[in-house]
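Have a look at input-v7.cif; it's mmCIF, C-alpha atoms and all ligand atoms:
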data_model
#
loop_
_atom_site.label_atom_id
_atom_site.label_comp_id
_atom_site.auth_asym_id
_atom_site.auth_seq_id
_atom_site.Cartn_x
_atom_site.Cartn_y
_atom_site.Cartn_z
CA MET I 1 30.01 -24.67 1.11
CA PHE I 2 27.90 -21.57 0.77
CA LYS I 3 25.03 -20.97 3.15
CA ILE I 4 21.65 -19.50 2.36
CA ASN I 5 19.69 -16.93 4.31
CA ASP I 6 17.62 -19.52 6.08
CA ASN I 7 15.17 -16.91 7.32
CA TYR I 8 13.55 -17.46 3.93
CA LEU I 9 12.80 -21.04 4.94
CA LYS I 10 10.67 -19.79 7.81
CA LEU I 11 8.27 -18.01 5.45
CA PRO I 12 4.92 -19.77 5.10
CA GLY I 13 3.64 -20.46 1.56
CA SER I 14 4.07 -17.95 -1.22
CA TYR I 15 3.31 -14.24 -1.43
CA LEU I 16 -0.45 -13.70 -0.98
CA PHE I 17 -1.12 -12.23 -4.42
CA SER I 18 1.01 -14.84 -6.21
CA ASN I 19 -0.98 -17.50 -4.40
CA ILE I 20 -4.29 -15.98 -5.52
CA ALA I 21 -3.03 -15.61 -9.11
CA LYS I 22 -2.07 -19.30 -9.14
CA LYS I 23 -5.47 -20.37 -7.80
CA VAL I 24 -7.29 -18.27 -10.40
CA ALA I 25 -5.07 -19.60 -13.21
CA ALA I 26 -5.73 -23.19 -12.10
CA TYR I 27 -9.48 -22.55 -11.94
CA SER I 28 -9.50 -20.94 -15.41
CA GLU I 29 -7.58 -23.86 -16.85
CA ALA I 30 -9.98 -26.37 -15.33
CA HIS I 31 -13.04 -24.34 -16.44
CA PRO I 32 -12.15 -22.78 -19.79
CA ASP I 33 -15.84 -21.98 -20.43
CA GLN I 34 -15.83 -19.61 -17.42
CA ALA I 35 -12.37 -18.09 -17.88
CA ASP I 36 -13.69 -15.11 -19.87
CA GLN I 37 -16.33 -14.37 -17.27
CA ILE I 38 -13.96 -13.94 -14.35
CA ILE I 39 -14.01 -10.46 -12.83
CA ARG I 40 -10.82 -9.60 -10.98
CA LEU I 41 -11.31 -7.46 -7.88
CA GLY I 42 -8.45 -9.06 -5.97
CA ILE I 43 -5.05 -7.37 -6.26
CA GLY I 44 -5.09 -3.58 -6.05
CA ASP I 45 -3.88 -3.09 -9.61
CA VAL I 46 -5.18 -0.15 -11.61
CA THR I 47 -6.96 -0.69 -14.93
CA LEU I 48 -7.23 2.79 -16.49
CA PRO I 49 -4.46 3.76 -18.93
CA LEU I 50 -1.97 6.46 -17.97
CA ALA I 51 -3.44 9.97 -18.24
CA PRO I 52 -2.71 11.89 -21.49
CA ALA I 53 -0.48 14.50 -19.77
CA ILE I 54 1.69 11.68 -18.45
CA ILE I 55 1.86 9.87 -21.78
CA GLU I 56 2.79 13.09 -23.54
CA ARG I 57 5.65 13.71 -21.12
CA LEU I 58 6.81 10.10 -21.43
CA HIS I 59 7.00 10.50 -25.21
CA SER I 60 8.92 13.76 -25.01
CA ALA I 61 11.30 12.30 -22.41
CA VAL I 62 11.99 9.34 -24.72
CA ASP I 63 12.84 11.83 -27.47
CA GLU I 64 15.24 13.60 -25.12
CA MET I 65 17.07 10.31 -24.65
CA ALA I 66 17.58 10.15 -28.42
CA LYS I 67 19.52 13.42 -28.61
CA GLN I 68 23.09 14.03 -27.56
CA GLU I 69 22.29 17.34 -25.84
CA THR I 70 19.44 15.98 -23.73
CA PHE I 71 20.49 12.37 -23.21
CA LYS I 72 20.65 11.28 -19.53
CA GLY I 73 22.78 8.55 -18.00
CA TYR I 74 22.63 7.57 -14.35
CA ALA I 75 20.04 9.54 -12.39
CA PRO I 76 21.17 11.39 -9.25
CA ASP I 77 21.14 9.11 -6.18
CA LEU I 78 18.19 10.74 -4.48
CA GLY I 79 16.23 11.40 -7.66
CA TYR I 80 16.08 14.35 -10.05
CA GLU I 81 15.83 17.73 -8.37
CA PHE I 82 12.91 18.74 -10.64
CA LEU I 83 10.82 15.87 -9.27
CA ARG I 84 11.84 16.23 -5.64
CA THR I 85 11.06 19.96 -5.55
CA THR I 86 7.71 19.37 -7.26
CA ILE I 87 6.82 16.65 -4.73
CA VAL I 88 7.74 18.87 -1.80
CA GLU I 89 5.79 21.81 -3.11
CA HIS I 90 2.56 19.89 -3.84
CA ASP I 91 2.52 17.07 -1.31
CA TYR I 92 4.10 18.76 1.69
CA GLN I 93 4.44 22.53 1.62
CA ALA I 94 0.89 22.90 0.26
CA ARG I 95 -0.30 20.99 3.33
CA GLY I 96 1.79 22.98 5.76
CA CYS I 97 4.41 20.24 6.25
CA ASP I 98 7.96 21.44 6.60
CA ILE I 99 9.71 18.87 4.42
CA SER I 100 12.57 19.82 2.11
CA ALA I 101 13.56 18.40 -1.27
CA ASP I 102 16.70 16.79 0.10
CA GLU I 103 14.58 14.72 2.49
CA ILE I 104 12.86 13.01 -0.48
CA PHE I 105 14.34 9.80 -1.91
CA VAL I 106 12.85 8.85 -5.27
CA SER I 107 12.56 5.11 -5.91
CA ASP I 108 10.88 2.54 -8.11
CA GLY I 109 7.92 2.17 -5.80
CA ALA I 110 6.47 1.90 -2.33
CA LYS I 111 6.64 -1.88 -2.22
CA SER I 112 10.42 -1.87 -2.69
CA ASP I 113 10.88 0.93 -0.18
CA SER I 114 8.71 -0.69 2.46
CA GLY I 115 10.58 -3.96 1.95
CA ASN I 116 14.03 -2.35 1.88
CA ILE I 117 13.74 0.20 4.69
CA GLY I 118 14.55 -2.54 7.21
CA ASP I 119 18.15 -2.53 5.90
CA ILE I 120 18.99 0.48 8.06
CA PHE I 121 17.67 -1.05 11.30
CA SER I 122 19.25 -3.65 13.57
CA VAL I 123 17.75 -7.15 13.54
CA ASP I 124 17.24 -6.70 17.27
CA ASN I 125 14.36 -4.28 16.80
CA LYS I 126 10.88 -5.45 17.63
CA ILE I 127 8.26 -4.52 15.05
CA ALA I 128 4.60 -3.78 15.64
CA VAL I 129 2.10 -4.24 12.82
CA CYS I 130 -1.62 -3.85 12.41
CA ASP I 131 -3.45 -7.14 12.00
CA PRO I 132 -4.61 -7.48 9.20
CA VAL I 133 -1.67 -5.91 7.38
CA TYR I 134 -0.08 -5.52 3.94
CA PRO I 135 2.07 -8.71 3.90
CA VAL I 136 5.26 -7.01 2.67
CA TYR I 137 6.02 -5.44 6.07
CA VAL I 138 6.02 -8.72 7.96
CA ASP I 139 7.52 -10.91 5.23
CA SER I 140 10.43 -8.54 4.59
CA ASN I 141 11.19 -8.40 8.32
CA ALA I 142 11.01 -12.20 8.43
CA MET I 143 13.53 -12.36 5.56
CA SER I 144 16.00 -10.29 7.54
CA GLY I 145 15.55 -12.33 10.73
CA ARG I 146 13.61 -9.83 12.79
CA THR I 147 10.50 -11.92 13.44
CA GLY I 148 11.33 -15.09 15.39
CA VAL I 149 9.47 -18.17 14.19
CA TYR I 150 6.15 -18.61 12.44
CA HIS I 151 3.42 -20.54 14.23
CA PRO I 152 1.04 -22.06 11.68
CA GLU I 153 -1.64 -22.71 14.32
CA THR I 154 -1.95 -19.01 15.20
CA GLU I 155 -0.62 -17.71 11.86
CA MET I 156 1.62 -15.37 13.85
CA TRP I 157 5.36 -14.79 14.25
CA SER I 158 6.82 -15.12 17.72
CA ASP I 159 8.66 -11.79 17.92
CA VAL I 160 6.11 -9.52 16.31
CA ILE I 161 3.66 -7.29 18.13
CA TYR I 162 0.27 -7.62 16.44
CA MET I 163 -2.27 -4.84 16.84
CA PRO I 164 -5.69 -6.25 15.94
CA CYS I 165 -7.85 -3.99 13.79
CA VAL I 166 -11.36 -5.35 13.79
CA SER I 167 -14.88 -3.97 13.64
CA GLU I 168 -15.01 -3.85 17.47
CA ASN I 169 -12.27 -1.19 17.58
CA HIS I 170 -13.37 0.42 14.30
CA PHE I 171 -10.15 -0.85 12.67
CA CYS I 172 -8.14 1.63 14.69
CA PRO I 173 -5.05 -0.02 16.25
CA GLU I 174 -4.68 0.41 20.00
CA LEU I 175 -1.32 1.37 21.50
CA PRO I 176 0.47 -1.92 22.19
CA LYS I 177 1.05 -3.16 25.75
CA GLU I 178 4.58 -4.28 24.86
CA THR I 179 6.86 -1.47 23.62
CA PRO I 180 7.86 -1.78 19.95
CA ASP I 181 10.93 -0.26 18.28
CA ILE I 182 9.49 0.00 14.77
CA ILE I 183 5.80 0.60 14.13
CA TYR I 184 4.29 0.06 10.69
CA LEU I 185 1.17 2.09 9.95
CA CYS I 186 -0.65 2.36 6.62
CA PHE I 187 -3.50 4.85 6.25
CA PRO I 188 -5.80 4.94 4.35
CA ASN I 189 -5.42 1.35 5.26
CA ASN I 190 -4.64 -1.58 3.08
CA PRO I 191 -6.54 -3.90 3.43
CA THR I 192 -9.44 -2.51 5.49
CA GLY I 193 -9.87 0.75 3.56
CA THR I 194 -10.34 2.61 6.85
CA THR I 195 -8.61 5.79 8.00
CA LEU I 196 -7.37 7.57 11.12
CA THR I 197 -8.24 11.15 11.93
CA LYS I 198 -5.42 13.60 12.50
CA ASP I 199 -6.02 13.41 16.26
CA GLN I 200 -5.85 9.61 16.19
CA LEU I 201 -2.60 9.71 14.22
CA GLN I 202 -1.19 12.33 16.59
CA VAL I 203 -1.62 9.80 19.43
CA TRP I 204 0.76 7.48 17.56
CA VAL I 205 3.29 10.22 16.91
CA ASP I 206 3.26 11.23 20.58
CA TYR I 207 3.58 7.59 21.62
CA ALA I 208 6.53 6.93 19.25
CA LEU I 209 8.32 10.04 20.52
CA LYS I 210 7.70 8.97 24.12
CA VAL I 211 8.96 5.38 23.77
CA GLY I 212 11.72 6.12 21.21
CA ALA I 213 10.13 4.14 18.38
CA VAL I 214 10.18 4.92 14.68
CA ILE I 215 6.98 4.86 12.62
CA ILE I 216 7.14 3.62 9.03
CA TYR I 217 4.09 5.35 7.60
CA ASP I 218 2.78 4.01 4.30
CA ALA I 219 0.65 6.71 2.69
CA ALA I 220 0.30 5.02 -0.72
CA TYR I 221 -3.46 5.64 -0.78
CA GLU I 222 -3.56 9.28 0.39
CA ALA I 223 -4.95 10.51 -2.94
CA TYR I 224 -8.23 8.75 -2.15
CA ILE I 225 -8.93 10.81 0.95
CA SER I 226 -11.92 13.11 0.67
CA SER I 227 -12.86 13.49 4.35
CA GLU I 228 -11.73 16.75 5.94
CA ASN I 229 -10.16 15.54 9.17
CA VAL I 230 -8.09 12.71 7.66
CA PRO I 231 -4.38 13.57 7.28
CA HIS I 232 -2.68 12.99 3.92
CA SER I 233 0.76 12.88 5.48
CA ILE I 234 2.03 11.93 8.93
CA TYR I 235 4.00 15.19 8.89
CA GLU I 236 0.70 17.02 9.40
CA CYS I 237 1.08 15.79 12.99
CA LYS I 238 3.21 17.73 15.45
CA GLY I 239 6.64 16.21 16.10
CA ALA I 240 6.38 13.59 13.34
CA LYS I 241 9.68 14.66 11.76
CA GLY I 242 11.37 13.34 14.89
CA CYS I 243 9.90 9.85 14.67
CA ALA I 244 8.47 9.02 11.23
CA ILE I 245 9.51 7.87 7.78
CA GLU I 246 6.81 8.23 5.13
CA ILE I 247 6.47 6.06 2.03
CA ARG I 248 4.53 7.22 -1.02
CA SER I 249 3.65 5.75 -4.37
CA PHE I 250 2.66 6.89 -7.85
CA SER I 251 0.90 3.56 -8.42
CA LYS I 252 -2.52 4.29 -7.05
CA ASN I 253 -2.79 8.06 -7.55
CA ALA I 254 -1.51 8.07 -11.15
CA GLY I 255 -1.70 4.47 -12.35
CA PHE I 256 2.04 3.71 -12.22
CA THR I 257 1.67 0.08 -11.03
CA GLY I 258 3.43 -1.09 -14.19
CA THR I 259 5.45 2.10 -14.75
CA ARG I 260 7.04 2.04 -11.25
CA LEU I 261 7.77 5.16 -9.25
CA GLY I 262 7.58 6.07 -5.58
CA PHE I 263 9.45 7.96 -2.92
CA THR I 264 10.34 7.86 0.74
CA VAL I 265 10.70 10.82 3.07
CA VAL I 266 13.38 10.53 5.71
CA PRO I 267 13.52 13.78 7.69
CA LYS I 268 16.92 14.99 8.80
CA ASP I 269 15.57 15.42 12.35
CA LEU I 270 15.06 11.68 12.64
CA LYS I 271 17.94 10.30 14.68
CA CYS I 272 18.98 7.31 16.75
CA GLY I 273 21.30 8.92 19.28
CA ASP I 274 23.65 10.97 17.10
CA VAL I 275 23.08 8.91 13.98
CA SER I 276 20.80 10.35 11.33
CA LEU I 277 18.57 7.83 9.58
CA HIS I 278 18.69 10.15 6.56
CA THR I 279 22.44 9.50 6.25
CA LEU I 280 21.96 5.75 6.54
CA TRP I 281 19.16 5.64 3.95
CA ALA I 282 21.17 7.88 1.60
CA ARG I 283 24.08 5.45 1.95
CA ARG I 284 21.84 2.47 1.31
CA HIS I 285 20.10 4.14 -1.62
CA GLY I 286 23.41 5.23 -3.17
CA THR I 287 24.91 1.75 -2.83
CA LYS I 288 22.07 -0.54 -3.81
CA PHE I 289 19.95 1.57 -6.17
CA ASN I 290 20.81 3.41 -9.35
CA GLY I 291 17.71 5.55 -9.59
CA ALA I 292 14.35 5.38 -11.29
CA PRO I 293 14.67 5.99 -15.06
CA TYR I 294 14.73 9.61 -16.24
CA MET I 295 11.65 9.10 -18.45
CA ILE I 296 9.65 7.77 -15.51
CA GLN I 297 10.73 10.58 -13.19
CA ALA I 298 9.80 13.10 -15.91
CA ALA I 299 6.41 11.40 -16.19
CA GLY I 300 6.12 11.55 -12.40
CA ALA I 301 6.61 15.32 -12.46
CA ALA I 302 3.86 15.55 -15.12
CA VAL I 303 1.44 14.06 -12.57
CA TYR I 304 1.71 17.39 -10.71
CA SER I 305 1.16 19.61 -13.77
CA GLU I 306 -2.20 21.34 -14.00
CA GLU I 307 -3.42 18.90 -16.67
CA GLY I 308 -1.86 15.94 -14.91
CA ARG I 309 -3.58 16.78 -11.63
CA LYS I 310 -6.93 17.26 -13.33
CA GLN I 311 -6.69 14.02 -15.29
CA THR I 312 -5.46 11.88 -12.40
CA GLN I 313 -8.16 13.31 -10.13
CA GLU I 314 -10.71 12.21 -12.72
CA GLN I 315 -9.26 8.71 -12.58
CA ILE I 316 -9.44 8.68 -8.80
CA ALA I 317 -13.07 9.82 -8.99
CA TYR I 318 -13.75 6.97 -11.44
CA TYR I 319 -12.30 4.41 -9.01
CA MET I 320 -14.13 5.98 -6.08
CA ASN I 321 -17.39 5.64 -8.05
CA ASN I 322 -16.59 1.95 -8.24
CA ALA I 323 -15.99 1.96 -4.49
CA THR I 324 -19.47 3.43 -4.01
CA THR I 325 -20.96 0.85 -6.39
CA ILE I 326 -19.34 -1.92 -4.34
CA ARG I 327 -20.27 -0.46 -0.97
CA GLU I 328 -23.88 0.13 -1.94
CA GLY I 329 -24.19 -3.17 -3.80
CA LEU I 330 -22.91 -5.11 -0.81
CA ILE I 331 -25.04 -3.22 1.70
CA ASP I 332 -28.04 -3.88 -0.53
CA ALA I 333 -27.21 -7.57 -0.54
CA GLY I 334 -27.12 -7.51 3.26
CA TYR I 335 -23.37 -7.49 3.84
CA GLU I 336 -21.59 -5.66 6.64
CA VAL I 337 -19.19 -3.32 4.89
CA PHE I 338 -16.26 -1.10 5.94
CA GLY I 339 -13.83 1.23 4.16
CA GLY I 340 -14.32 2.39 0.59
CA VAL I 341 -14.99 6.03 1.55
CA ASP I 342 -11.46 7.45 1.68
CA ALA I 343 -9.80 4.42 0.10
CA PRO I 344 -10.13 2.16 -2.93
CA TYR I 345 -10.58 -0.95 -0.77
CA ILE I 346 -13.83 -2.31 0.58
CA TRP I 347 -13.62 -4.68 3.54
CA LEU I 348 -16.59 -6.87 4.23
CA LYS I 349 -17.63 -9.41 6.78
CA THR I 350 -18.09 -12.81 5.17
CA PRO I 351 -21.67 -14.07 5.32
CA ASN I 352 -22.85 -16.95 7.51
CA HIS I 353 -19.53 -17.06 9.41
CA MET I 354 -17.76 -18.40 6.33
CA LYS I 355 -13.97 -18.53 6.56
CA SER I 356 -12.22 -16.01 4.31
CA TRP I 357 -10.84 -18.68 1.94
CA GLU I 358 -14.21 -20.45 1.87
CA PHE I 359 -15.81 -17.21 0.70
CA PHE I 360 -12.99 -16.79 -1.85
CA ASP I 361 -13.86 -20.21 -3.31
CA TYR I 362 -17.56 -19.41 -3.31
CA LEU I 363 -17.05 -16.12 -5.17
CA LEU I 364 -14.65 -17.66 -7.68
CA GLU I 365 -16.56 -20.87 -8.35
CA GLU I 366 -20.18 -19.71 -8.10
CA LEU I 367 -19.97 -16.08 -9.22
CA ASN I 368 -16.65 -15.94 -11.09
CA ILE I 369 -15.43 -13.03 -9.01
CA VAL I 370 -11.91 -12.80 -7.57
CA GLY I 371 -11.33 -10.98 -4.30
CA THR I 372 -8.75 -11.24 -1.51
CA PRO I 373 -9.36 -13.35 1.61
CA GLY I 374 -8.97 -11.24 4.75
CA SER I 375 -7.06 -13.99 6.53
CA GLY I 376 -4.29 -13.62 3.93
CA PHE I 377 -3.46 -10.30 5.62
CA GLY I 378 -3.24 -11.77 9.12
CA PRO I 379 -5.24 -13.77 11.65
CA SER I 380 -7.54 -10.89 12.60
CA GLY I 381 -8.55 -10.73 8.93
CA GLU I 382 -10.24 -14.14 9.25
CA GLY I 383 -13.94 -13.83 8.49
CA TYR I 384 -13.34 -10.73 6.37
CA PHE I 385 -12.78 -10.23 2.66
CA ARG I 386 -11.33 -7.41 0.52
CA LEU I 387 -12.65 -6.12 -2.81
CA THR I 388 -10.85 -3.46 -4.81
CA ALA I 389 -12.36 -0.51 -6.64
CA PHE I 390 -9.66 -0.63 -9.35
CA GLY I 391 -11.67 -2.68 -11.85
CA SER I 392 -13.60 -1.22 -14.76
CA ALA I 393 -16.95 0.42 -13.93
CA GLU I 394 -18.70 -2.12 -16.13
CA ASN I 395 -17.15 -5.14 -14.43
CA THR I 396 -17.68 -3.65 -11.00
CA LYS I 397 -21.41 -3.23 -11.69
CA LYS I 398 -21.59 -6.72 -13.15
CA ALA I 399 -19.87 -8.17 -10.07
CA MET I 400 -22.38 -6.47 -7.78
CA GLU I 401 -25.28 -7.81 -9.87
CA ARG I 402 -23.86 -11.31 -9.47
CA ILE I 403 -23.40 -10.84 -5.72
CA ARG I 404 -26.96 -9.52 -5.30
CA ALA I 405 -28.31 -12.50 -7.22
CA GLY I 406 -25.92 -14.96 -5.54
CA LYS I 407 -27.18 -17.87 -3.52
CA VAL I 408 -25.27 -16.72 -0.44
CA SER I 409 -26.40 -13.40 0.93
CA GLY I 410 -25.05 -11.21 3.70
CA LYS I 411 -28.47 -11.13 5.33
C1 LIG O 501 -2.65 -4.86 -2.92
O1 LIG O 501 -3.46 -5.42 -3.63
O2 LIG O 501 -2.66 -4.95 -1.69
C2 LIG O 501 -1.62 -4.03 -3.57
O3 LIG O 501 -1.79 -3.99 -4.93
C3 LIG O 501 -0.31 -4.54 -3.30
C4 LIG O 501 0.74 -3.57 -3.69
O4 LIG O 501 0.49 -2.38 -3.88
O5 LIG O 501 1.86 -4.04 -3.78
#

Would you mind giving the structure from this file in structure tokens?
Amino acid sequence: MFKINDNYLKLPGSYLFSNIAKKVAAYSEAHPDQADQIIRLGIGDVTLPLAPAIIERLHSAVDEMAKQETFKGYAPDLGYEFLRTTIVEHDYQARGCDISADEIFVSDGAKSDSGNIGDIFSVDNKIAVCDPVYPVYVDSNAMSGRTGVYHPETEMWSDVIYMPCVSENHFCPELPKETPDIIYLCFPNNPTGTTLTKDQLQVWVDYALKVGAVIIYDAAYEAYISSENVPHSIYECKGAKGCAIEIRSFSKNAGFTGTRLGFTVVPKDLKCGDVSLHTLWARRHGTKFNGAPYMIQAAGAAVYSEEGRKQTQEQIAYYMNNATTIREGLIDAGYEVFGGVDAPYIWLKTPNHMKSWEFFDYLLEELNIVGTPGSGFGPSGEGYFRLTAFGSAENTKKAMERIRAGKVSGK
């Protein structure tokens, strides 16, 4: 008789965003008169269409697939050279980071990479995560048996080191007392929308090098950074090539949430004894992945063209205007607000000590606004709530008007 991976049975409930989608669908069905009014500021999904330079390149790449001379079959394992060299030039060399094209692994997105990267590590490793945290890191480790058991009373796994990020420590994780093997960091942070300065990130790099840990650094939101002293890449820190893997996405900087493209950087200097993690990830990538489609990789390269950069920066500015609308709207309504300056997420304290899910119900039922309960990202997220700046400007303004006029106020 076959056996299942019973680690899956340890997982509580369903994936956070599926759960929210189900709740919203049920509410809409029960209240068809309000369904049209619902403003979705929950999942961090973009709403602007792909920029013209990207669309143009997608069209021409489709045409290439129609001709014998330019048709492409399987993509190279690590991704097309034209994309990897473009990434290195713009995202790394331009920032003084010594990363080479053969250290870039192109994929279908940051979510898959952050879920799959665990394949190259032993189940015996102990992970450390920020709390609250993007649920994929913990859930994917739970699926592979690296997290012990889940305790519903504390909403924590037994073998995970949680690093609380709350207003008291300015959402900056403190070095853990127990030594981890794998440390997940995401900055600009999902969900809190806060950042670390380069000096603060350097502390983590120095720590990882000292204790022999690896950092999985999720930089999916780097394009939203406008503050000077906030690093865009962990490789801006000294020594990071010896301890860090960086994951990047085209979803949030260029609207590829439905188009799918991302990449992971595994430096060749990163080793466990004599074994290079680059070799292991190359082996994993070559075996389990057949490459992102040529058309999508071509479109990805167009993001870095002069027009592409200009157009995607305009989109980022549009979303960051929404972030300002949300921040100011909430502050005006008396809420305590964090993030939303170098990130498209705004993290707020729920009013009147409401639980996160209680506030979710209030927003959905009274104001027809969907957000994400902070507790869905971990126990330290209880009493907080996340709104995203990825909606339309019109809906974002409307949502803030409803919140200002709402019967619950942050004051
Ligand atoms: C989020 O809302 O946290 C993100 O959209 C999730 C993701 O990027 O997978």

6 Å shell around ligand LIG 501 (chain O) using all atoms listed in the file, listed as a count of residues only: 4

Selected residue, from I:Gly391, I:Gly262, I:Pro176, I:Gly378, that lies nearest to Gln315 of chain I when counting only C-alpha atoms: I:Gly391

Go through segment 9-120 of chain I and flag each residue having an atom no more than 12 Å from segment 153-156 of chain I; for those, report the closest pair of atoms plus their distance in Å to one decimal, using all atoms listed in the file, ordered by chain and rising number, as CSV.
residue,atom,partner,partner_atom,distance
I:Lys10,CA,I:Met156,CA,11.7
I:Leu11,CA,I:Glu155,CA,11.0
I:Pro12,CA,I:Glu155,CA,9.0
I:Gly13,CA,I:Glu155,CA,11.5

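Closest approach to Cys243 of chain I among I:Thr259, I:Cys272, I:Arg95, I:Tyr224: I:Cys272, based on only C-alpha atoms.
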
Nearby residues (all atoms listed in the file) at most 7 Å from Gly374 of chain I, same-chain spacing under 5 positions excluded, as a compact mmCIF listing (two decimals) with C-alpha atoms, in the frame of the given file:
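For reference, out-v5.txt as written:
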# COMPACT_ATOMS: atom_id res chain seq x y z
CA SER I 356 -12.22 -16.01 4.31
CA GLY I 381 -8.55 -10.73 8.93
CA GLU I 382 -10.24 -14.14 9.25
CA GLY I 383 -13.94 -13.83 8.49
CA TYR I 384 -13.34 -10.73 6.37
CA PHE I 385 -12.78 -10.23 2.66
CA ARG I 386 -11.33 -7.41 0.52

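One finds atom CA of Thr324 of chain I at 19.9 Å from atom CA of Ala254 of chain I.
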
Atom pair atom CA of Thr192 of chain I / atom CA of Phe338 of chain I: separation (Å): 7.0 Å

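Among the candidates I:Glu236, I:Glu307, I:Glu358, I:Asp33, the residue lying nearest to Val408 of chain I is I:Glu358 (atoms considered: all atoms listed in the file).
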
With all atoms listed in the file counted and 9 Å as the cut-off, give the residues of segment 61-99 of chain I in contact with segment 277-287 of chain I, each with its shortest interatomic distance in Å and the pair that gives it, as a Markdown table.
| residue | atom | partner | partner_atom | distance |
| --- | --- | --- | --- | --- |
| I:Pro76 | CA | I:Gly286 | CA | 8.9 |
| I:Asp77 | CA | I:Gly286 | CA | 5.4 |
| I:Leu78 | CA | I:Ala282 | CA | 7.4 |

Create the file for the chosen residues now, containing C-alpha atoms and written as a PDB file, in the frame of the given file.
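The result, written out as out_21.pdb:
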ATOM      1  CA  PRO I  76      21.170  11.390  -9.250  1.00  0.00           C
ATOM      2  CA  ASP I  77      21.140   9.110  -6.180  1.00  0.00           C
ATOM      3  CA  LEU I  78      18.190  10.740  -4.480  1.00  0.00           C
TER       4      LEU I  78
END

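Taking all atoms listed in the file into account, Val230 of chain I lies nearest to I:Asn189 out of the set I:Asn189, I:Ser140, I:Thr325, I:Thr257.
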
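Distance annotation: of I:Ile296, I:Leu364, I:Ile403, I:Ala26, the residue with the minimal separation from Ile331 of chain I is I:Ile403; atom set is only C-alpha atoms.
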
If I put a ball of radius 12 Å at (1.3, 17.7, 4.8) in the file's coordinates, which residues poke into it when counting all atoms listed in the file, written as a tab-separated table (two decimals) with C-alpha atoms, in the frame of the given file?
chain	number	residue	atom	x	y	z
I	87	ILE	CA	6.82	16.65	-4.73
I	88	VAL	CA	7.74	18.87	-1.80
I	89	GLU	CA	5.79	21.81	-3.11
I	90	HIS	CA	2.56	19.89	-3.84
I	91	ASP	CA	2.52	17.07	-1.31
I	92	TYR	CA	4.10	18.76	1.69
I	93	GLN	CA	4.44	22.53	1.62
I	94	ALA	CA	0.89	22.90	0.26
I	95	ARG	CA	-0.30	20.99	3.33
I	96	GLY	CA	1.79	22.98	5.76
I	97	CYS	CA	4.41	20.24	6.25
I	98	ASP	CA	7.96	21.44	6.60
I	99	ILE	CA	9.71	18.87	4.42
I	100	SER	CA	12.57	19.82	2.11
I	198	LYS	CA	-5.42	13.60	12.50
I	219	ALA	CA	0.65	6.71	2.69
I	222	GLU	CA	-3.56	9.28	0.39
I	230	VAL	CA	-8.09	12.71	7.66
I	231	PRO	CA	-4.38	13.57	7.28
I	232	HIS	CA	-2.68	12.99	3.92
I	233	SER	CA	0.76	12.88	5.48
I	234	ILE	CA	2.03	11.93	8.93
I	235	TYR	CA	4.00	15.19	8.89
I	236	GLU	CA	0.70	17.02	9.40
I	237	CYS	CA	1.08	15.79	12.99
I	238	LYS	CA	3.21	17.73	15.45
I	240	ALA	CA	6.38	13.59	13.34
I	241	LYS	CA	9.68	14.66	11.76
I	246	GLU	CA	6.81	8.23	5.13
I	265	VAL	CA	10.70	10.82	3.07

Point (16.3, 2.2, -13.9) neighbourhood (10 Å, all atoms listed in the file) written as a count of residues only: 14

10 Å contact set for Ser227 of chain I, all atoms listed in the file, chain neighbours under 6 positions out, as an MDAnalysis selection string: chainID I and resid 195 197 341:342

Å distance separating atom CA of Ala51 of chain I from atom CA of Tyr345 of chain I, one decimal place: 21.8 Å

For Pro373 of chain I, the nearest of the candidates I:Ala110, I:Leu41, I:Ile216, I:Val303, counting only C-alpha atoms: I:Leu41

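By chain and then residue number, the residues within 10 Å of Phe171 of chain I are Cys130, Asp131, Pro132, Met163, Pro164, Cys165, Val166, Ser167, Glu168, Asn169, Pro173, Glu174, Asn189, Thr192, Gly193, Thr194, Thr195, Leu196, Phe338 and Gly339 of chain I, counting only C-alpha atoms and disregarding those fewer than 2 positions away in sequence.
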
So for segment 299-309 of chain I, what box centre and size do we get, axis-aligned, 4 Å extra on each of the six sides, every listed atom, Å to one decimal, as AutoDock Vina command-line options?
--center_x 1.5 --center_y 16.4 --center_z -13.7 --size_x 18.2 --size_y 17.9 --size_z 14.0

All residues 9 Å or closer to segment 204-210 of chain I, only C-alpha atoms, same chain fewer than 2 positions away omitted, as JSON, numbers by chain: {"I": [175, 180, 181, 182, 183, 200, 201, 202, 212, 213, 214, 215, 234, 237, 238, 239, 240, 242, 243, 244]}

Close residues, Ala61 of chain I itself excluded, 12 Å, all atoms listed in the file, min 6 positions apart in chain, as number ranges by chain: I: 54-55, 67, 70-72, 293-302
